[in-house]
Every structure is written in C-alpha cells, then in structure tokens.
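Reviewing the structure listed below.
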Amino acid sequence: MEPRLYSRLLLRLLALPIAALTVLALLLGYGLQRIQESASTVDRADVVILHSNRLTKLMVDEETGLRGFLLSRNPIFLQPLHDAEQQIEPEFNTLFTMVHRPDQVARLHRLQDTHRQWEQKAYQDIHSASPDLSTMEQHMLQRKQDMDSLRVLMDEFLNIVMGRRAEHAAADIEVNQYARIGLVLLVALVAAVLTLETRRVFHKLTAAYNRQIQEIELRGAESYVREQWLNTTIRSIGDAVIACDTDGKVDFMNLVAEQLTGWKEADAKKRSLHEIFPIFNEDTRAAVENPVDKVRRLGTVVGLANHTFLVARNGTEVCIDDSGAPIRDSSGKMIGVVLVFRDITERRMSEGALMRAEKLAAAGRFAASVAHEVNNPLEGLTNLVYIALRSNELGEIRHLLAQAESELGRIAHITRQSLGFYRETSTPAHFKPATIVREVTDFYTSRAISLGVSFIVNAKTEREVLGSAGELRQILSNLLANSLDACASGATIRIEANSAIDPRDLSRPGVRITIADTGFGIPAKHLESIFEPFFTTKKDTGTGLGLWVSRELVEKHGGTLRVRSRTSDPLCGTVFSIFLPNQGKLQTIDSFSTNNHVTADGVL
C-alpha cells in the first residue's frame, strides 16, 4: 500500500474526532473564560463591598469619637477618631485600585473630598474653646448631618456595585446553561459522525493492513538475505573479528579469529572475552587491559599499542595489534562491542631486523667517533716518539716521554670510556639515569667543543629506574648526536635529569630527562613523521631509524618520548623529553595508547 494513501486514511480517521474535540475545547474554553470573567467580577465586587463597609464603619467610629469628646471634653474619646483616621486613606486607595468605572471613580473622589471636609470641621470643633450647651448641640447636629451626607454617598456607591454584581451573577448562570446545552448537542453530533466515519474508514484500513503485512514479510525475506550476505562477508575477510555483547560475552567469531585464538565459535559463544582473548605485554609478560573492557569504559573506538601478544588456546603466542569499537543501535545506545585484530608476527620480526640494523649503524657511527678521538693523541704520540728517537739530549727525551705518557693516558681514558659505553646486559637491573646522562655527555664533549657548541648538564637526582642502562645510552646518544647535527657554532645544549611524576598516572614516580638545544629546529611539516621508520632529512649520513628505535626502547621501559620544536626566532630550537618510570618494567602495561609523542607548540 502506498504510504501516502495509508497516511490519508489515518488522517481521515483521526481528523474528524480531532476537529470535533477542537471545537468542543474552544466552546468549553470560551464558556470557562466567560465563567471565570463573571466569577472574577463577582469576587471583585465582593471585595469592593467589603472595603466599602469597612470605610463606613471607620467613618462611624470617627463620628462616635467626636461626639464623645464634645460631650465630655475628655481626650480619651478621641482615640477612635485617630485610629479611624489612620485607616481611612488606605481604604480609599484600595478602592481606587479596584474601581474602574468613571462614574464610580468620581463618586469615590466626591466621597473622599467630603470626608476630608468633615475631618477639618471636626478638628476645628475639637480645638475651639468649650462652647455653651446650645452651641455645642448645634455643632454636633451639624457634624451628624455631614456624616449622613457621607453615608448617602456611600450607599449610592454600594448600590451600583451590588447591582453590577447581580448582573454578572445572572450572566454567569445563563452562560452555564448555554454551555451545558451546547456540550450535550456537540457530543451527540460527534458520536453519530464518528460512528459512521470510523466504520467506513476501518474497512479500508483493514485491507491496507493486510497488504502491509505482505510487504513486511517480503522485506523480512530480503533482510534475511542481506544478513546472510553480510555474515558471509565478515567471516571471509582476512582480519580476525570477534563480536561481544555489553557484558563482554562472545557472540560471534569468524574463521580467522578461530584460527588465531584456537577456539571454535560454538565453544566460545557466551564465554567471557578474557578467557578467549588473553593478551600480554611482550617485554614484561604482564596482562594488559582487554580491549572490550576499554571500549565499554570509554564508549569510543580504541586501538592496541605495540608489544602485545595473544596466547591461543593451545598455548601458542601470536604478536597482534587490534582495535575495538562500540556497536550502537539507532538511538545511539551501546548494544555490543566488535574487536578486529590481526597476526603481526612477521612485521614484528621485520621491526626487530630494523632495530638490529640501527644498532649496527649506531655501532659504526660510534666506532668512527672513537677512531676520531683516538687518532689525534696517536698522531701526537707518533710525532713525540719520532723526535725522541732522533734526540741526544737526555732532558729533552725525558720531556718528550712525559708528553707521550700523557697522550697514552688520554688514549687509555678514551678506551675505558668506550668499553663501558655500550656494555649492557639482557637482564633488567636498577640503575641511575643521571649517571648515564653524565657518561654520554662526557663522551660527546670533545665533539661539542670542536663544533663550538656548549653543554649545560644538570643531572643530580639519585632516583633509580629498572631497565637496561645500555639501551638508555643508545637513546641519549641518538638524541645528543641529532642535537649536535642541528646546532651551529655558539649554540647551547642543556641536558637535565630530574625526579618527576608520570603526568598520565600521578602514582608513578620516575625520572625525566630533557635535551634542549638552540639549534635550527624541526619544521612543523616533519614533526608528525620523525618517529616513523626510514624518515630522515640527512640523506647521506642518516638511516631514518634512530628516533624510531629510541621511541621503541623508551616504550619498552614503560616510558614516553615527546618532542617540541620551533624554527622561528627568538625561541628557535628543539626539546626532547624522556620519562622513565621507577618500576616501568615490572608494572602491568595498558595495551592501548594514543601515541601522542609530538607537540608542535613552539615552546622550549
């Protein structure tokens, strides 16, 4: 059935009662409004009558007090006059706010003026000397006549108010009668029309409903076909897919997920994902947070960080990376979580090969540096020996041999320093990063002097971290070498090692190492790429692996490596910041990371 025709039938079925109810509501609303207006008018008239009666009583009290004083000349009789005088003006003001008819307002003004005149004459009688009896009687009779005039004016005012009240009360009764009659007639008319129209439209809707059911059945069959097609597609893709409900129970697994986890879908259904998908950190072998748990906690898409492996049902370990995303219904409510992961064992082996290649390249660069450092004293030693062999003066020979001994001591110092520079053990151990910082900067001091670059070293913290001292030497060597390459003569490199707290977790103490130079800086377009493998701006000397390996080694220790840089004066230069936690290799590592290593904020 056409939606337009179906909507038209429903509109016809609903429009008539809605229209009838609308008319009924308007009629009732009009009647209620009239009733409310009449009731309000009656209530206002009652209030006006009440205040008018109060005003009359106060005037009578004034007359009584005046009469008592004139007869006795006792001031105590003036108390009712004074009390009434204080209340009369507020009563007049109240009546003025409630009366709107011009003739009534004029009566009130006349009544107010007459009363004020009466009060003036009354106070004249009060303050005059005691008259004789006949004069006093005349005054009292005159005040009584004045008061009677006030009562006449008040009676006229009240009669008009009461007449208006009666008119509105009668109108109210009449409106109620008409409203009841109209309501009965309208209800009867609506009932008759609704009965006829509803019966006719209902037959059409029944036929339309039957046709709609047939269409729904057809669409249901089509939806089933699409569901099967989608199911087949998901089961056939190359990545592993696991879908869970909001409680983390497995609902679906494709063939690749079965192969990687070792679980069949039938066996895994309704089991917790923690049992089907146990994942651990490659370096610490500590359990990491399950991705579905993190999606449920954050309500957003999350991705897996490096160095994570999956333990299959048969105990096989598979290096993986994955991502989790919430499944939401049309209203946006989370109804499940989907997990997509893949086997990256080959990629991890490739990354290992790259790291070994970088280590070999670093060893080559180091060997070249050692050869350069040793070559200078060797040349001096050769010259000294040559001169000594051709000299016959014993004093000169001794002086030359003393210089040769000094050069040999310099070579021995470089040799000892070189032997310890890359000495490392595969077993994690506690060491002081500040000591490593001083060793590395001491090794590069000669090169810095030859380039005209100044070192400022501040590494006094005694805090230890757990990890590999040799790997930290490699990290610092890469960073210091890069800083020296980026500096011109007269530049400064500041190296600091201080106790710090992990900004991501205030409960993790550690050591922060910063290397800040005043070199050329890193262009903003390169900042997003410097930690990628094979990215380098040193086309002839760089492998493009140094910073990538450095970041991998820092993350292996559970730490972070960040960079800030600026290429414009006056604050031109680059800052690398390393944070190493005190117990980084012994703690459980959260497998999910945003990997925000780069901050191009331009602040040094």
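In the structure tokens, chains take the letters A, B, ... in the order shown, each chain's residues start at 1, and ligands count up from 1 in the order shown.
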So which residues touch stretch 444-446 of chain A within 10 Å, counting only C-alpha atoms, skipping near sequence neighbours fewer than 2 positions away, as a compact mmCIF listing (two decimals) with C-alpha atoms, in the first residue's frame?
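Saved the output as result_35.txt:
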```txt
# COMPACT_ATOMS: atom_id res chain seq x y z
CA SER A 369 83.75 8.65 16.77
CA GLU A 373 89.02 10.64 19.26
CA GLU A 439 78.67 9.47 30.89
CA VAL A 440 77.08 10.16 27.50
CA THR A 441 77.55 13.93 27.68
CA ASP A 442 81.17 13.44 28.77
CA ALA A 448 80.75 19.61 21.01
CA ILE A 449 83.91 21.66 21.66
CA SER A 450 85.11 21.09 18.11
CA LEU A 451 81.73 22.32 16.80
CA GLY A 452 81.69 25.36 19.11
CA VAL A 453 78.62 24.08 20.99
CA SER A 454 78.27 24.46 24.77
CA PHE A 455 76.93 21.72 27.05
CA SER A 477 73.47 9.01 22.09
CA LEU A 480 72.60 14.15 21.51
CA ALA A 481 74.03 13.33 18.08
CA LEU A 484 74.78 18.42 17.66
```
Do a neighbour search on A:Val152 at 12 Å with only C-alpha atoms, toss out local chain neighbours closer than 3 positions, and write the hits as a list in words. Thr56, Arg107, Arg110, Leu111, Thr114, Gln145, Asp146, Met147, Asp148, Ser149, Asp155, Glu156, Phe157, Leu158 and Asn159 of chain A
For A:Arg271, work out the shell of residues within 7 Å, counting only C-alpha atoms and skipping chain neighbours fewer than 3 positions away, then give it as a PyMOL selection string. chain A and resi 249-250+268
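When only C-alpha atoms are used to measure the gap to A:Ile436, the shortest distance among A:Asp172, A:Asp245, A:Glu496, A:Glu62 belongs to A:Glu496.
You can rank A:Leu389, A:Ser529, A:Leu21, A:Arg398 by their closest distance to A:Ala191 using only C-alpha atoms, and at the top of that list sits A:Leu21.
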